[in-house]
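S.K.: Dropping in target.tsv, which is TSV, C-alpha atoms:
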chain	number	residue	atom	x	y	z
A	1363	MET	CA	6.70	17.29	-11.22
A	1364	ARG	CA	5.88	15.61	-14.48
A	1365	GLY	CA	7.59	12.21	-14.62
A	1366	ASP	CA	7.38	11.49	-10.87
A	1367	ILE	CA	6.45	7.83	-10.30
A	1368	LEU	CA	4.52	7.02	-7.13
A	1369	ILE	CA	4.54	3.60	-5.52
A	1370	ILE	CA	1.61	3.65	-3.12
A	1371	ASN	CA	1.24	0.77	-0.68
A	1372	GLU	CA	-1.11	-0.08	2.18
A	1373	ASN	CA	1.08	1.76	4.72
A	1374	HIS	CA	0.56	5.02	2.80
A	1375	ARG	CA	-3.19	4.39	2.58
A	1376	LYS	CA	-3.41	3.56	6.29
A	1377	ALA	CA	-1.52	6.74	7.23
A	1378	ALA	CA	-3.77	8.78	4.94
A	1379	ARG	CA	-6.94	7.34	6.49
A	1380	GLN	CA	-5.63	8.16	9.96
A	1381	VAL	CA	-4.80	11.74	8.94
A	1382	VAL	CA	-8.21	12.25	7.34
A	1383	ASP	CA	-9.98	10.77	10.37
A	1384	ILE	CA	-8.23	13.31	12.60
A	1385	ILE	CA	-8.73	16.43	10.46
A	1386	PHE	CA	-11.98	15.74	8.57
A	1387	TYR	CA	-14.08	17.90	10.89
A	1388	LYS	CA	-11.66	20.82	10.40
A	1389	ILE	CA	-11.93	20.50	6.63
A	1390	LYS	CA	-15.74	20.39	6.70
A	1391	SER	CA	-16.06	23.28	9.13
A	1392	LYS	CA	-13.73	25.70	7.32
A	1393	LYS	CA	-15.31	28.07	4.84
A	1394	GLY	CA	-13.21	28.23	1.73
A	1395	LYS	CA	-10.20	26.13	0.95
A	1396	PHE	CA	-8.28	24.04	3.48
A	1397	VAL	CA	-4.50	23.69	3.10
A	1398	ILE	CA	-2.54	20.65	4.27
A	1399	SER	CA	1.25	20.43	4.35
A	1400	VAL	CA	2.80	16.95	4.08
A	1401	ALA	CA	6.49	17.09	4.98
A	1402	GLY	CA	9.29	14.70	5.86
A	1403	GLU	CA	12.76	13.58	4.94
A	1404	SER	CA	13.78	12.56	1.44
A	1405	GLY	CA	12.30	9.17	0.58
A	1406	ALA	CA	9.85	9.21	3.51
A	1407	GLY	CA	6.77	8.84	1.29
A	1408	LYS	CA	5.50	12.43	1.23
A	1409	SER	CA	4.23	12.25	-2.35
A	1410	GLU	CA	2.58	8.88	-1.76
A	1411	ILE	CA	0.89	10.00	1.45
A	1412	ALA	CA	-0.30	13.24	-0.17
A	1413	ALA	CA	-1.78	11.26	-3.08
A	1414	SER	CA	-3.36	8.81	-0.63
A	1415	ILE	CA	-4.91	11.65	1.40
A	1416	ALA	CA	-6.38	13.00	-1.83
A	1417	GLU	CA	-7.80	9.53	-2.62
A	1418	VAL	CA	-9.39	9.18	0.83
A	1419	LEU	CA	-10.91	12.65	0.57
A	1420	ALA	CA	-12.19	11.90	-2.95
A	1421	GLU	CA	-14.05	8.91	-1.47
A	1422	LYS	CA	-15.77	11.48	0.78
A	1423	ASN	CA	-16.57	13.71	-2.24
A	1424	ILE	CA	-13.94	16.29	-1.33
A	1425	SER	CA	-11.81	17.42	-4.25
A	1426	CYS	CA	-8.09	18.08	-3.81
A	1427	PHE	CA	-5.16	19.51	-5.69
A	1428	ILE	CA	-1.56	18.64	-4.84
A	1429	PHE	CA	1.24	21.17	-5.10
A	1430	GLN	CA	4.64	19.49	-5.19
A	1431	GLN	CA	7.60	21.33	-3.70
A	1432	ASP	CA	9.71	19.72	-6.45
A	1433	ASP	CA	8.08	22.10	-8.95
A	1434	TYR	CA	9.42	25.08	-7.01
A	1435	PHE	CA	13.15	24.45	-7.09
A	1436	VAL	CA	15.27	27.34	-8.38
A	1437	TYR	CA	16.94	25.03	-10.92
A	1438	PRO	CA	15.54	22.00	-12.76
A	1439	PRO	CA	16.51	18.59	-11.27
A	1440	LYS	CA	19.62	17.64	-13.22
A	1441	THR	CA	20.99	21.18	-13.14
A	1442	ASN	CA	20.23	21.37	-9.42
A	1443	ALA	CA	22.17	18.14	-8.80
A	1444	LYS	CA	25.18	19.65	-10.59
A	1445	MET	CA	24.85	22.85	-8.54
A	1446	ARG	CA	24.88	20.81	-5.32
A	1447	ILE	CA	28.11	19.08	-6.35
A	1448	LYS	CA	29.69	22.35	-7.41
A	1449	ASP	CA	28.86	24.16	-4.16
A	1450	ILE	CA	27.36	22.58	-1.03
A	1451	ARG	CA	25.69	25.92	-0.22
A	1452	HIS	CA	23.13	25.04	-2.91
A	1453	VAL	CA	21.72	22.33	-0.63
A	1454	GLY	CA	18.79	23.15	1.63
A	1455	MET	CA	15.89	25.54	1.84
A	1456	SER	CA	17.56	28.13	-0.39
A	1457	GLU	CA	17.18	25.74	-3.37
A	1458	VAL	CA	13.40	26.07	-3.20
A	1459	LYS	CA	11.16	29.06	-3.94
A	1460	LEU	CA	9.22	28.66	-0.69
A	1461	ASP	CA	8.21	32.31	-0.83
A	1462	LEU	CA	6.50	31.68	-4.18
A	1463	ILE	CA	4.57	28.70	-2.79
A	1464	ASP	CA	3.39	30.81	0.15
A	1465	GLU	CA	2.47	33.69	-2.16
A	1466	GLU	CA	0.43	31.37	-4.37
A	1467	LEU	CA	-1.31	29.80	-1.36
A	1468	LYS	CA	-2.26	33.26	-0.07
A	1469	THR	CA	-3.60	34.19	-3.50
A	1470	ILE	CA	-5.71	31.02	-3.53
A	1471	LEU	CA	-6.98	31.59	0.02
A	1472	ASP	CA	-7.87	35.17	-0.96
A	1473	GLY	CA	-10.24	33.74	-3.58
A	1474	ASN	CA	-8.22	33.52	-6.79
A	1475	ASN	CA	-9.03	30.13	-8.30
A	1476	LYS	CA	-6.64	30.26	-11.26
A	1477	ILE	CA	-2.93	30.02	-10.58
A	1478	LYS	CA	-0.05	29.92	-13.03
A	1479	LYS	CA	2.52	27.75	-11.28
A	1480	PRO	CA	5.87	26.20	-12.14
A	1481	LEU	CA	5.93	22.67	-13.53
A	1482	VAL	CA	9.16	20.68	-13.67
A	1483	ILE	CA	9.59	18.51	-16.77
A	1484	PHE	CA	12.10	16.05	-15.33
A	1485	GLU	CA	13.05	14.28	-18.56
A	1486	GLU	CA	13.88	17.59	-20.24
A	1487	ASP	CA	15.54	19.17	-17.18
A	1488	ARG	CA	13.46	22.29	-17.47
A	1489	ILE	CA	10.85	24.25	-15.59
A	1490	ASP	CA	7.71	25.21	-17.50
A	1491	LYS	CA	4.48	26.88	-16.33
A	1492	GLU	CA	0.99	25.49	-16.04
A	1493	THR	CA	-2.29	27.17	-15.22
A	1494	VAL	CA	-4.45	25.29	-12.74
A	1495	ASN	CA	-8.12	25.95	-12.06
A	1496	LEU	CA	-8.95	25.39	-8.40
A	1497	GLU	CA	-12.55	26.59	-8.53
A	1498	ASN	CA	-14.06	23.26	-7.44
A	1499	VAL	CA	-11.20	22.27	-5.14
A	1500	LYS	CA	-11.79	22.22	-1.37
A	1501	VAL	CA	-8.40	20.93	-0.15
A	1502	ILE	CA	-4.96	22.02	-1.27
A	1503	ILE	CA	-2.18	19.60	-0.32
A	1504	VAL	CA	1.37	20.92	-0.45
A	1505	GLU	CA	4.00	18.20	-0.18
A	1506	GLY	CA	7.73	18.56	0.20
A	1507	THR	CA	10.65	18.47	2.59
A	1508	TYR	CA	10.31	22.08	3.74
A	1509	THR	CA	6.55	22.66	3.50
A	1510	THR	CA	6.06	22.82	7.27
A	1511	THR	CA	7.82	26.21	7.14
A	1512	LEU	CA	5.07	27.73	4.98
A	1513	GLN	CA	2.76	30.31	6.55
A	1514	ASN	CA	-0.57	29.65	4.81
A	1515	ILE	CA	-1.18	26.14	6.16
A	1516	ASP	CA	-4.23	24.91	8.10
A	1517	GLN	CA	-2.82	21.48	9.02
A	1518	ARG	CA	0.75	20.22	9.08
A	1519	VAL	CA	1.47	16.50	8.65
A	1520	PHE	CA	4.99	15.20	9.28
Is it possible to give me this structure as structure tokens?

M.R.:
Amino acid sequence: MRGDILIINENHRKAARQVVDIIFYKIKSKKGKFVISVAGESGAGKSEIAASIAEVLAEKNISCFIFQQDDYFVYPPKTNAKMRIKDIRHVGMSEVKLDLIDEELKTILDGNNKIKKPLVIFEEDRIDKETVNLENVKVIIVEGTYTTTLQNIDQRVF
């Protein structure tokens, strides 16, 4: 999500190093792309840990791309907040296009390196599209509250 501000501290970096230490051999041994899900409650530090994992892997010359669940909400952020107030049934997994994330991950794992994905522009309360080239990317990190429910994941981090 464009406009998301990350505040990364040593706890995030330490957690990322521990995760990478545990799964590095899996990443190196898998042919093709490796997909990591980073999930947790709101405010738990998912975005910061995902970014920190990408930094640790970059130090090991492994390129990453981070997909943010926040880009896959049905409605843009301010509209979504209004929908939640209007009707509590708008809260939860149904607010997110998890099926689209899974579909895009499958497409990537099947060898398609260019994906046109949603991109939330927070300040403008709108959802745009962006094309990403993943040709030289080894690790895909998907971060968000519900990302452990996705099918096309090699390693789940909670």

S.K.: Which of these residues is nearest to Ser1409 of chain A, using all atoms listed in the file: A:Val1453, A:Val1501, A:Ile1428, A:Val1436?

M.R.: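 Of A:Val1453, A:Val1501, A:Ile1428, A:Val1436, the one nearest Ser1409 of chain A, counting all atoms listed in the file, is A:Ile1428.
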
S.K.: How many Å lie between atom CA of Thr1511 of chain A and atom CA of Tyr1437 of chain A, rounded to one decimal?

M.R.: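 If I compute the distance from atom CA of Thr1511 of chain A to atom CA of Tyr1437 of chain A, I get 20.3 Å.
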
S.K.: Do you know which residues are at most 12 Å from Gly1394 of chain A counting all atoms listed in the file, after dropping those on the same chain fewer than 6 positions away, and could you put them as a VMD selection string?

M.R.: chain A and resid 1388 1470 to 1475 1496 to 1502 1516

S.K.: For segment 1444-1455 of chain A, I'd like the enclosing box, axis-aligned and padded by 4 Å on every side, reported as JSON with centre and edge lengths in Å to one decimal.

M.R.:
{"center_x": 22.8, "center_y": 22.5, "center_z": -4.4, "size_x": 21.8, "size_y": 14.8, "size_z": 20.4}

S.K.: Skipping near chain neighbours, those fewer than 3 positions away, what residues fall within 9 Å of Arg1379 of chain A using all atoms listed in the file, listed as a PyMOL selection string?

M.R.: chain A and resi 1374-1376+1382-1384+1414-1415+1418-1419

S.K.: Looking at only C-alpha atoms, which of A:Ile1369, A:Leu1462, A:Val1494, A:Leu1512 is the one that sits closest to Ala1406 of chain A?

M.R.: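 Of A:Ile1369, A:Leu1462, A:Val1494, A:Leu1512, the one nearest Ala1406 of chain A, counting only C-alpha atoms, is A:Ile1369.
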
S.K.: Near Ser1399 of chain A, counting all atoms listed in the file, which residues have an atom at most 7 Å away, once you skip same-chain residues fewer than 3 positions from it, shown as JSON, numbers by chain?

M.R.: {"A": [1503, 1504, 1505, 1509, 1510, 1515, 1517, 1518, 1519]}

S.K.: Would you put the residues from that selection into a file with C-alpha atoms, as a PDB file, in the frame of the given file?

M.R.:
ATOM      1  CA  ILE A1503      -2.180  19.600  -0.320  1.00  0.00           C
ATOM      2  CA  VAL A1504       1.370  20.920  -0.450  1.00  0.00           C
ATOM      3  CA  GLU A1505       4.000  18.200  -0.180  1.00  0.00           C
ATOM      4  CA  THR A1509       6.550  22.660   3.500  1.00  0.00           C
ATOM      5  CA  THR A1510       6.060  22.820   7.270  1.00  0.00           C
ATOM      6  CA  ILE A1515      -1.180  26.140   6.160  1.00  0.00           C
ATOM      7  CA  GLN A1517      -2.820  21.480   9.020  1.00  0.00           C
ATOM      8  CA  ARG A1518       0.750  20.220   9.080  1.00  0.00           C
ATOM      9  CA  VAL A1519       1.470  16.500   8.650  1.00  0.00           C
TER      10      VAL A1519
END

S.K.: Give me the residues within 12 Å of Leu1460 of chain A as a ChimeraX atom specification, counting all atoms listed in the file and dropping any in the same chain fewer than 5 places off.

M.R.: /A:1429-1436,1454-1455,1465-1467,1504-1514

S.K.: So the first atom is atom CA of Ala1416 of chain A and the second is atom CA of Ala1378 of chain A; what is the distance between them in Å, to one decimal place?

M.R.: 8.4 Å

S.K.: Which value, in Å to one decimal, gives the distance between atom CA of Lys1440 of chain A and atom CA of Ile1411 of chain A?

M.R.: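 Pair atom CA of Lys1440 of chain A / atom CA of Ile1411 of chain A returns 25.0 Å.
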
S.K.: Can segment 1418-1451 of chain A be brought up to N, CA and C atoms and written out as a CSV table (one decimal), keeping the file's coordinate frame?

M.R.:
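Resulting contents of part_29.csv:
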chain,number,residue,atom,x,y,z
A,1418,VAL,N,-8.4,9.4,-0.3
A,1418,VAL,CA,-9.4,9.2,0.8
A,1418,VAL,C,-10.4,10.3,0.8
A,1419,LEU,N,-10.0,11.5,0.6
A,1419,LEU,CA,-10.9,12.6,0.6
A,1419,LEU,C,-11.8,12.6,-0.6
A,1420,ALA,N,-11.3,12.1,-1.8
A,1420,ALA,CA,-12.2,11.9,-3.0
A,1420,ALA,C,-13.3,10.9,-2.7
A,1421,GLU,N,-13.0,9.9,-1.9
A,1421,GLU,CA,-14.0,8.9,-1.5
A,1421,GLU,C,-15.1,9.6,-0.6
A,1422,LYS,N,-14.8,10.7,0.0
A,1422,LYS,CA,-15.8,11.5,0.8
A,1422,LYS,C,-16.3,12.7,0.0
A,1423,ASN,N,-16.1,12.6,-1.3
A,1423,ASN,CA,-16.6,13.7,-2.2
A,1423,ASN,C,-15.9,15.1,-2.0
A,1424,ILE,N,-14.7,15.1,-1.5
A,1424,ILE,CA,-13.9,16.3,-1.3
A,1424,ILE,C,-12.8,16.3,-2.3
A,1425,SER,N,-12.8,17.3,-3.2
A,1425,SER,CA,-11.8,17.4,-4.2
A,1425,SER,C,-10.5,18.1,-3.7
A,1426,CYS,N,-9.4,17.6,-4.3
A,1426,CYS,CA,-8.1,18.1,-3.8
A,1426,CYS,C,-7.2,18.4,-5.0
A,1427,PHE,N,-6.2,19.3,-4.7
A,1427,PHE,CA,-5.2,19.5,-5.7
A,1427,PHE,C,-3.9,19.4,-4.9
A,1428,ILE,N,-2.9,18.8,-5.5
A,1428,ILE,CA,-1.6,18.6,-4.8
A,1428,ILE,C,-0.5,19.5,-5.5
A,1429,PHE,N,0.1,20.4,-4.7
A,1429,PHE,CA,1.2,21.2,-5.1
A,1429,PHE,C,2.5,20.4,-4.6
A,1430,GLN,N,3.4,20.2,-5.5
A,1430,GLN,CA,4.6,19.5,-5.2
A,1430,GLN,C,5.8,20.5,-5.0
A,1431,GLN,N,6.4,20.5,-3.9
A,1431,GLN,CA,7.6,21.3,-3.7
A,1431,GLN,C,8.6,21.2,-4.8
A,1432,ASP,N,8.7,20.0,-5.4
A,1432,ASP,CA,9.7,19.7,-6.4
A,1432,ASP,C,9.5,20.6,-7.7
A,1433,ASP,N,8.3,21.2,-7.8
A,1433,ASP,CA,8.1,22.1,-9.0
A,1433,ASP,C,8.6,23.5,-8.6
A,1434,TYR,N,9.0,23.7,-7.4
A,1434,TYR,CA,9.4,25.1,-7.0
A,1434,TYR,C,10.9,25.2,-6.7
A,1435,PHE,N,11.7,24.3,-7.2
A,1435,PHE,CA,13.2,24.4,-7.1
A,1435,PHE,C,13.6,25.6,-8.0
A,1436,VAL,N,14.7,26.3,-7.6
A,1436,VAL,CA,15.3,27.3,-8.4
A,1436,VAL,C,15.7,26.8,-9.7
A,1437,TYR,N,16.4,25.7,-9.7
A,1437,TYR,CA,16.9,25.0,-10.9
A,1437,TYR,C,16.2,23.7,-11.2
A,1438,PRO,N,16.1,23.3,-12.5
A,1438,PRO,CA,15.5,22.0,-12.8
A,1438,PRO,C,16.4,20.9,-12.2
A,1439,PRO,N,15.9,19.7,-12.0
A,1439,PRO,CA,16.5,18.6,-11.3
A,1439,PRO,C,18.0,18.3,-11.6
A,1440,LYS,N,18.3,18.0,-12.9
A,1440,LYS,CA,19.6,17.6,-13.2
A,1440,LYS,C,20.6,18.8,-13.0
A,1441,THR,N,20.2,20.0,-13.4
A,1441,THR,CA,21.0,21.2,-13.1
A,1441,THR,C,21.2,21.4,-11.7
A,1442,ASN,N,20.1,21.2,-10.9
A,1442,ASN,CA,20.2,21.4,-9.4
A,1442,ASN,C,21.2,20.4,-8.8
A,1443,ALA,N,21.2,19.1,-9.3
A,1443,ALA,CA,22.2,18.1,-8.8
A,1443,ALA,C,23.6,18.6,-9.1
A,1444,LYS,N,23.8,19.1,-10.2
A,1444,LYS,CA,25.2,19.6,-10.6
A,1444,LYS,C,25.6,20.8,-9.7
A,1445,MET,N,24.6,21.7,-9.4
A,1445,MET,CA,24.8,22.8,-8.5
A,1445,MET,C,25.2,22.4,-7.1
A,1446,ARG,N,24.6,21.3,-6.6
A,1446,ARG,CA,24.9,20.8,-5.3
A,1446,ARG,C,26.3,20.3,-5.2
A,1447,ILE,N,26.7,19.6,-6.3
A,1447,ILE,CA,28.1,19.1,-6.4
A,1447,ILE,C,29.1,20.2,-6.4
A,1448,LYS,N,28.8,21.2,-7.2
A,1448,LYS,CA,29.7,22.4,-7.4
A,1448,LYS,C,29.9,23.2,-6.1
A,1449,ASP,N,28.8,23.3,-5.4
A,1449,ASP,CA,28.9,24.2,-4.2
A,1449,ASP,C,27.8,23.7,-3.2
A,1450,ILE,N,28.2,23.1,-2.0
A,1450,ILE,CA,27.4,22.6,-1.0
A,1450,ILE,C,26.3,23.6,-0.5
A,1451,ARG,N,26.6,24.9,-0.7
A,1451,ARG,CA,25.7,25.9,-0.2
A,1451,ARG,C,24.4,25.9,-1.0
